[in-house]
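Chemist: Quick one: this structure, given as structure tokens, is what I'll be asking you about.
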Amino acid sequence: MNPRAPLARDTLPVLAREAPVELEIETDDDGVVIRLPLAPLSCHHSFTSGALARRARQSKQALLRACNNKARSIRQVLDLTAGWGADSLTLACHGQQVTLLEQNRLICAILDYSLQCLSRESNSSEVADRMQLVQAEAGAYLRQLADDHAFDCIYLDPMFPNHKSSAKPAKEMQILQALTSNLDIESCFDLALQKARKRVVVKRPAKAPDLTAVKPDVVYREKTIRFDVYLTG
């Protein structure tokens with residue numbers, strides 16, 4: 001067992017009390033149960049069970065095509081906006097090394113605990129080994145990257161903006177939105193274009209405008225989302 005696991009478990013209740021909304025946290029052998037009693041909303045964050053884990057192992061996803069190339073030479077991915085880590089888990093399940101960046105201390109601690117649970121699974125420990133979690137602000141992290149850094153691909157998944165549809169996002173996303181806020185995604189995008197060795201990938205709602213005036217080189221689409229790819233080298 002990784003020695004960081006008890007630390008994550010002990011830290012979670014403390015961080016939950018510092019959250020901007022009333023929050024209840026419980027841990028189990030698979031991950032973390034998160035409840036917003038006033039909403040009311042709840043979800044179980046786990047990299048080992050549930051919908052997140054099942055989807056991560058599906059091979060026919062546009063994300064996997066967007067974050068790789070025909071030569072399969074994109075090995076190191078930086079996920080600038082990890083959130084609940086679903087896309088990072090998907091990439092790691094399919095062989096890529098992923099650095100998950102998350103600036104929110106509570107979300108980072110939840111990810112950390114779920115990663116420890118994943119690492120204890122005999123058939124998933126190699127996946128956990130391919131995921132490195134870093135607590136940092138995205139812009140500051142990008143600015144300090146050395147010129148010879150290893151990130152072939154930099155991935156951005158900004159929380160989707162409010163739209164005219166009356167449909168609410170999934171409860172996991174509603175909880176995430178209650179706990180954190182979007183970073184300055186445009187400036188991070190500009191920095192990412194300077195730092196990514198081969199490509200920058202941005203996740204967008206299927207019908208949303210481009211993130212900035214810069215046009216993507218390639219677009220991979222699913223029913224409700226798309227991945228805009230900007231080639232950098």
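Residue numbering restarts at 1 in every chain; chains get A, B, ... in the order shown in the structure tokens, and ligands count up from 1 in that same order.
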List every residue of stretch 173-230 of chain A that has an atom at most 8 Å from any atom of stretch 139-162 of chain A, giving for each one its closest atom pair and the distance in Å to one decimal, counting only C-alpha atoms, sorted by chain and then by ascending residue number, as JSON lines.
Modeler:
{"residue": "A:Gln177", "atom": "CA", "partner": "A:Met159", "partner_atom": "CA", "distance": 7.7}
{"residue": "A:Asn182", "atom": "CA", "partner": "A:Met159", "partner_atom": "CA", "distance": 6.4}
{"residue": "A:Leu183", "atom": "CA", "partner": "A:Pro158", "partner_atom": "CA", "distance": 8.0}
{"residue": "A:Ile185", "atom": "CA", "partner": "A:Pro158", "partner_atom": "CA", "distance": 6.9}
{"residue": "A:Ser187", "atom": "CA", "partner": "A:Gly139", "partner_atom": "CA", "distance": 7.5}
{"residue": "A:Cys188", "atom": "CA", "partner": "A:Gly139", "partner_atom": "CA", "distance": 5.5}
{"residue": "A:Phe189", "atom": "CA", "partner": "A:Leu156", "partner_atom": "CA", "distance": 7.8}
{"residue": "A:Leu191", "atom": "CA", "partner": "A:Leu142", "partner_atom": "CA", "distance": 6.6}
{"residue": "A:Ala192", "atom": "CA", "partner": "A:Ile154", "partner_atom": "CA", "distance": 6.4}
{"residue": "A:Lys195", "atom": "CA", "partner": "A:Leu142", "partner_atom": "CA", "distance": 7.3}
{"residue": "A:Ala196", "atom": "CA", "partner": "A:Cys153", "partner_atom": "CA", "distance": 5.6}
{"residue": "A:Arg197", "atom": "CA", "partner": "A:Asp152", "partner_atom": "CA", "distance": 4.6}
{"residue": "A:Lys198", "atom": "CA", "partner": "A:Asp152", "partner_atom": "CA", "distance": 5.1}
{"residue": "A:Arg199", "atom": "CA", "partner": "A:Cys153", "partner_atom": "CA", "distance": 4.9}
{"residue": "A:Val200", "atom": "CA", "partner": "A:Ile154", "partner_atom": "CA", "distance": 4.8}
{"residue": "A:Val201", "atom": "CA", "partner": "A:Tyr155", "partner_atom": "CA", "distance": 4.8}
{"residue": "A:Val202", "atom": "CA", "partner": "A:Leu156", "partner_atom": "CA", "distance": 4.8}
{"residue": "A:Lys203", "atom": "CA", "partner": "A:Asp157", "partner_atom": "CA", "distance": 5.0}
{"residue": "A:Arg204", "atom": "CA", "partner": "A:Phe160", "partner_atom": "CA", "distance": 7.2}
{"residue": "A:Pro205", "atom": "CA", "partner": "A:Phe160", "partner_atom": "CA", "distance": 6.9}
Chemist: Go ahead and dump the residues you just picked, C-alpha atoms, as a PDB file, in the first residue's frame.
Modeler:
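selection_34.pdb written:
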ATOM      1  CA  GLN A 177     -18.816  22.874 -10.475  1.00  0.00           C
ATOM      2  CA  ASN A 182     -12.794  27.466 -14.320  1.00  0.00           C
ATOM      3  CA  LEU A 183      -9.253  28.729 -14.645  1.00  0.00           C
ATOM      4  CA  ILE A 185      -8.514  28.796 -19.969  1.00  0.00           C
ATOM      5  CA  SER A 187      -4.249  32.111 -21.381  1.00  0.00           C
ATOM      6  CA  CYS A 188      -3.550  28.469 -20.475  1.00  0.00           C
ATOM      7  CA  PHE A 189      -4.375  27.487 -24.041  1.00  0.00           C
ATOM      8  CA  LEU A 191       0.811  28.692 -23.056  1.00  0.00           C
ATOM      9  CA  ALA A 192      -0.031  25.111 -23.983  1.00  0.00           C
ATOM     10  CA  LYS A 195       4.834  24.121 -24.594  1.00  0.00           C
ATOM     11  CA  ALA A 196       3.308  21.012 -26.189  1.00  0.00           C
ATOM     12  CA  ARG A 197       5.832  19.069 -28.232  1.00  0.00           C
ATOM     13  CA  LYS A 198       3.321  17.613 -30.698  1.00  0.00           C
ATOM     14  CA  ARG A 199      -0.254  18.715 -30.025  1.00  0.00           C
ATOM     15  CA  VAL A 200      -2.784  20.447 -27.805  1.00  0.00           C
ATOM     16  CA  VAL A 201      -6.222  18.876 -27.437  1.00  0.00           C
ATOM     17  CA  VAL A 202      -9.271  20.803 -26.192  1.00  0.00           C
ATOM     18  CA  LYS A 203     -12.560  19.144 -25.224  1.00  0.00           C
ATOM     19  CA  ARG A 204     -15.642  21.118 -26.258  1.00  0.00           C
ATOM     20  CA  PRO A 205     -19.425  20.689 -26.447  1.00  0.00           C
TER      21      PRO A 205
END
Chemist: When you look at A:Leu115 with a cut-off of 9 Å (counting only C-alpha atoms), what residues show up, excluding the ones that are within fewer than 5 positions of it in the same chain? I need them as a ChimeraX atom specification.
Modeler: /A:5,31,46-48,110,120,128,131,133
Chemist: Output C-alpha atoms for every residue in that selection, as an mmCIF file, in the first residue's frame.
Modeler:
data_model
loop_
_atom_site.group_PDB
_atom_site.id
_atom_site.type_symbol
_atom_site.label_atom_id
_atom_site.label_comp_id
_atom_site.auth_asym_id
_atom_site.auth_seq_id
_atom_site.Cartn_x
_atom_site.Cartn_y
_atom_site.Cartn_z
ATOM 1 C CA ALA A 5 -3.060 6.626 1.134
ATOM 2 C CA GLY A 31 -12.926 5.382 -3.624
ATOM 3 C CA SER A 46 -13.791 5.516 -8.050
ATOM 4 C CA PHE A 47 -11.188 4.457 -10.584
ATOM 5 C CA THR A 48 -11.900 0.770 -9.881
ATOM 6 C CA ILE A 110 -10.045 12.756 -3.664
ATOM 7 C CA ARG A 120 -4.026 -1.891 -4.818
ATOM 8 C CA ALA A 128 -2.061 3.622 -11.584
ATOM 9 C CA MET A 131 -0.809 8.326 -13.603
ATOM 10 C CA LEU A 133 -0.977 13.536 -9.721
#
Chemist: Any chance you could list, as a list in words, the residues in stretch 78-198 of chain A that come up strand (DSSP E) when DSSP is run on the backbone?
Modeler: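 Everything in stretch 78-198 of chain A that counts as strand (DSSP E) is Leu78, Asp79, Gln97, Val98, Thr99, Leu100, Leu101, Glu102, Met131, Gln132, Leu133, Val134, Gln135, Cys153, Ile154, Tyr155 and Leu156 of chain A.
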Chemist: Quick one: of A:Thr81, A:Thr27, A:Asn69, A:Thr232, who's nearest to A:Thr99, counting only C-alpha atoms?
Modeler: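 So, comparing all the options, the nearest one is A:Thr81.
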Chemist: Skip A:Glu222 itself and residues of its chain fewer than 5 positions away, then list as a PyMOL selection string all residues within 12 Å of it, counting only C-alpha atoms.
Modeler: chain A and resi 60-66+203-207+227-228
Chemist: Find the residues near A:Ala109: any atom within 12 Å, counting only C-alpha atoms, skip ones fewer than 5 places away on the same chain, and give them as a PyMOL selection string.
Modeler: chain A and resi 4-16+25+27+31-32+45+83-85+101-104+114-116+133-135
Chemist: Just to be explicit: take each residue in the selection above, keep C-alpha atoms, and write the result as an mmCIF file, in the first residue's frame.
Modeler:
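What ended up in result_38.cif:
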data_model
loop_
_atom_site.group_PDB
_atom_site.id
_atom_site.type_symbol
_atom_site.label_atom_id
_atom_site.label_comp_id
_atom_site.auth_asym_id
_atom_site.auth_seq_id
_atom_site.Cartn_x
_atom_site.Cartn_y
_atom_site.Cartn_z
ATOM 1 C CA ARG A 4 0.313 8.396 0.814
ATOM 2 C CA ALA A 5 -3.060 6.626 1.134
ATOM 3 C CA PRO A 6 -3.601 7.185 4.883
ATOM 4 C CA LEU A 7 -2.578 10.808 4.467
ATOM 5 C CA ALA A 8 -5.214 11.336 1.756
ATOM 6 C CA ARG A 9 -7.876 9.654 3.898
ATOM 7 C CA ASP A 10 -6.998 11.724 6.976
ATOM 8 C CA THR A 11 -6.876 14.957 5.005
ATOM 9 C CA LEU A 12 -10.238 14.596 3.250
ATOM 10 C CA PRO A 13 -12.524 15.546 6.188
ATOM 11 C CA VAL A 14 -10.381 18.595 6.954
ATOM 12 C CA LEU A 15 -10.499 19.798 3.368
ATOM 13 C CA ALA A 16 -14.227 19.076 3.151
ATOM 14 C CA ILE A 25 -17.086 12.825 2.621
ATOM 15 C CA THR A 27 -14.104 6.654 1.977
ATOM 16 C CA GLY A 31 -12.926 5.382 -3.624
ATOM 17 C CA VAL A 32 -14.724 8.341 -2.100
ATOM 18 C CA HIS A 45 -15.672 8.676 -7.138
ATOM 19 C CA GLY A 83 -11.213 17.417 -12.529
ATOM 20 C CA TRP A 84 -12.428 13.939 -11.620
ATOM 21 C CA GLY A 85 -9.669 12.367 -13.750
ATOM 22 C CA LEU A 101 -2.852 18.655 -12.792
ATOM 23 C CA GLU A 102 -5.461 19.852 -10.306
ATOM 24 C CA GLN A 103 -5.302 23.094 -8.363
ATOM 25 C CA ASN A 104 -8.189 22.441 -5.926
ATOM 26 C CA SER A 114 -8.929 6.922 -5.606
ATOM 27 C CA LEU A 115 -5.504 6.410 -7.188
ATOM 28 C CA GLN A 116 -4.372 4.536 -4.089
ATOM 29 C CA LEU A 133 -0.977 13.536 -9.721
ATOM 30 C CA VAL A 134 0.286 17.086 -9.172
ATOM 31 C CA GLN A 135 -1.454 19.838 -7.222
#
Chemist: Run DSSP on the backbone of this structure and report the residues of stretch 2-194 of chain A it assigns to alpha helix (DSSP H), as JSON, numbers by chain.
Modeler: {"A": [4, 5, 6, 7, 8, 9, 10, 11, 12, 13, 14, 15, 16, 17, 50, 51, 52, 53, 54, 55, 56, 62, 63, 64, 65, 66, 86, 87, 88, 89, 90, 91, 92, 93, 105, 106, 107, 108, 109, 110, 111, 112, 113, 114, 115, 116, 117, 118, 119, 125, 126, 127, 128, 129, 138, 139, 140, 141, 142, 143, 171, 172, 173, 174, 175, 176, 177, 178, 179, 185, 186, 187, 188, 189, 190, 191, 192, 193, 194]}
Chemist: Take the residues that were just selected and, keeping C-alpha atoms, output them as a PDB file, in the first residue's frame.
Modeler:
ATOM      1  CA  ARG A   4       0.313   8.396   0.814  1.00  0.00           C
ATOM      2  CA  ALA A   5      -3.060   6.626   1.134  1.00  0.00           C
ATOM      3  CA  PRO A   6      -3.601   7.185   4.883  1.00  0.00           C
ATOM      4  CA  LEU A   7      -2.578  10.808   4.467  1.00  0.00           C
ATOM      5  CA  ALA A   8      -5.214  11.336   1.756  1.00  0.00           C
ATOM      6  CA  ARG A   9      -7.876   9.654   3.898  1.00  0.00           C
ATOM      7  CA  ASP A  10      -6.998  11.724   6.976  1.00  0.00           C
ATOM      8  CA  THR A  11      -6.876  14.957   5.005  1.00  0.00           C
ATOM      9  CA  LEU A  12     -10.238  14.596   3.250  1.00  0.00           C
ATOM     10  CA  PRO A  13     -12.524  15.546   6.188  1.00  0.00           C
ATOM     11  CA  VAL A  14     -10.381  18.595   6.954  1.00  0.00           C
ATOM     12  CA  LEU A  15     -10.499  19.798   3.368  1.00  0.00           C
ATOM     13  CA  ALA A  16     -14.227  19.076   3.151  1.00  0.00           C
ATOM     14  CA  ARG A  17     -14.840  21.515   6.008  1.00  0.00           C
ATOM     15  CA  GLY A  50     -18.703   2.208 -11.615  1.00  0.00           C
ATOM     16  CA  ALA A  51     -19.348   4.023 -14.885  1.00  0.00           C
ATOM     17  CA  LEU A  52     -16.109   6.034 -14.867  1.00  0.00           C
ATOM     18  CA  ALA A  53     -13.964   2.899 -14.618  1.00  0.00           C
ATOM     19  CA  ARG A  54     -15.997   0.987 -17.196  1.00  0.00           C
ATOM     20  CA  ARG A  55     -15.881   3.744 -19.783  1.00  0.00           C
ATOM     21  CA  ALA A  56     -12.148   4.256 -19.320  1.00  0.00           C
ATOM     22  CA  ALA A  62     -12.603   9.951 -29.833  1.00  0.00           C
ATOM     23  CA  LEU A  63     -10.396  11.025 -26.922  1.00  0.00           C
ATOM     24  CA  LEU A  64      -7.937   8.236 -27.692  1.00  0.00           C
ATOM     25  CA  ARG A  65      -7.642   9.274 -31.327  1.00  0.00           C
ATOM     26  CA  ALA A  66      -7.305  12.953 -30.455  1.00  0.00           C
ATOM     27  CA  ALA A  86     -11.950  10.413 -16.083  1.00  0.00           C
ATOM     28  CA  ASP A  87     -10.090  11.285 -19.283  1.00  0.00           C
ATOM     29  CA  SER A  88      -6.690  10.785 -17.653  1.00  0.00           C
ATOM     30  CA  LEU A  89      -7.759   7.328 -16.517  1.00  0.00           C
ATOM     31  CA  THR A  90      -8.884   6.500 -20.052  1.00  0.00           C
ATOM     32  CA  LEU A  91      -5.522   7.516 -21.522  1.00  0.00           C
ATOM     33  CA  ALA A  92      -3.600   5.602 -18.857  1.00  0.00           C
ATOM     34  CA  CYS A  93      -5.728   2.482 -19.407  1.00  0.00           C
ATOM     35  CA  ARG A 105      -6.829  20.792  -2.764  1.00  0.00           C
ATOM     36  CA  LEU A 106      -9.975  18.804  -1.987  1.00  0.00           C
ATOM     37  CA  ILE A 107     -10.419  17.464  -5.504  1.00  0.00           C
ATOM     38  CA  CYS A 108      -6.724  16.617  -5.595  1.00  0.00           C
ATOM     39  CA  ALA A 109      -7.044  14.680  -2.319  1.00  0.00           C
ATOM     40  CA  ILE A 110     -10.045  12.756  -3.664  1.00  0.00           C
ATOM     41  CA  LEU A 111      -8.089  11.864  -6.791  1.00  0.00           C
ATOM     42  CA  ASP A 112      -5.144  10.829  -4.655  1.00  0.00           C
ATOM     43  CA  TYR A 113      -7.245   8.462  -2.554  1.00  0.00           C
ATOM     44  CA  SER A 114      -8.929   6.922  -5.606  1.00  0.00           C
ATOM     45  CA  LEU A 115      -5.504   6.410  -7.188  1.00  0.00           C
ATOM     46  CA  GLN A 116      -4.372   4.536  -4.089  1.00  0.00           C
ATOM     47  CA  CYS A 117      -7.395   2.267  -4.388  1.00  0.00           C
ATOM     48  CA  LEU A 118      -6.537   1.664  -8.042  1.00  0.00           C
ATOM     49  CA  SER A 119      -2.922   0.857  -7.216  1.00  0.00           C
ATOM     50  CA  SER A 125      -1.621  -1.326 -10.608  1.00  0.00           C
ATOM     51  CA  GLU A 126       0.197  -0.708 -13.898  1.00  0.00           C
ATOM     52  CA  VAL A 127      -2.502   1.784 -14.888  1.00  0.00           C
ATOM     53  CA  ALA A 128      -2.061   3.622 -11.584  1.00  0.00           C
ATOM     54  CA  ASP A 129       1.696   3.672 -12.161  1.00  0.00           C
ATOM     55  CA  ALA A 138      -2.150  25.313 -14.580  1.00  0.00           C
ATOM     56  CA  GLY A 139      -0.703  28.614 -15.803  1.00  0.00           C
ATOM     57  CA  ALA A 140       2.075  28.641 -13.224  1.00  0.00           C
ATOM     58  CA  TYR A 141       2.915  25.015 -13.975  1.00  0.00           C
ATOM     59  CA  LEU A 142       3.171  25.656 -17.704  1.00  0.00           C
ATOM     60  CA  ARG A 143       5.354  28.720 -17.242  1.00  0.00           C
ATOM     61  CA  LYS A 171     -24.459  14.981 -10.912  1.00  0.00           C
ATOM     62  CA  GLU A 172     -20.689  14.385 -10.822  1.00  0.00           C
ATOM     63  CA  MET A 173     -20.187  17.522 -12.908  1.00  0.00           C
ATOM     64  CA  GLN A 174     -22.641  19.508 -10.805  1.00  0.00           C
ATOM     65  CA  ILE A 175     -20.639  18.612  -7.693  1.00  0.00           C
ATOM     66  CA  LEU A 176     -17.386  19.513  -9.424  1.00  0.00           C
ATOM     67  CA  GLN A 177     -18.816  22.874 -10.475  1.00  0.00           C
ATOM     68  CA  ALA A 178     -19.917  23.532  -6.885  1.00  0.00           C
ATOM     69  CA  LEU A 179     -16.419  22.857  -5.548  1.00  0.00           C
ATOM     70  CA  ILE A 185      -8.514  28.796 -19.969  1.00  0.00           C
ATOM     71  CA  GLU A 186      -7.617  31.130 -22.858  1.00  0.00           C
ATOM     72  CA  SER A 187      -4.249  32.111 -21.381  1.00  0.00           C
ATOM     73  CA  CYS A 188      -3.550  28.469 -20.475  1.00  0.00           C
ATOM     74  CA  PHE A 189      -4.375  27.487 -24.041  1.00  0.00           C
ATOM     75  CA  ASP A 190      -1.884  30.008 -25.409  1.00  0.00           C
ATOM     76  CA  LEU A 191       0.811  28.692 -23.056  1.00  0.00           C
ATOM     77  CA  ALA A 192      -0.031  25.111 -23.983  1.00  0.00           C
ATOM     78  CA  LEU A 193       0.503  25.878 -27.672  1.00  0.00           C
ATOM     79  CA  GLN A 194       3.992  27.110 -26.787  1.00  0.00           C
TER      80      GLN A 194
END
Chemist: By how many Å are atom CA of A:Gln97 and atom CA of A:Ile74 apart?
Modeler: 9.3 Å
Chemist: Just the residues within 9 Å of A:Asp217, please, counting only C-alpha atoms, with nothing from its chain fewer than 4 positions along; format it as a list in words.
Modeler: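 Skipping anything fewer than 4 positions along the chain leaves Asp228, Val229, Tyr230 and Leu231 of chain A.
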Chemist: Interatomic distance between atom CA of A:Asp79 and atom CA of A:Arg130?
Modeler: 12.7 Å
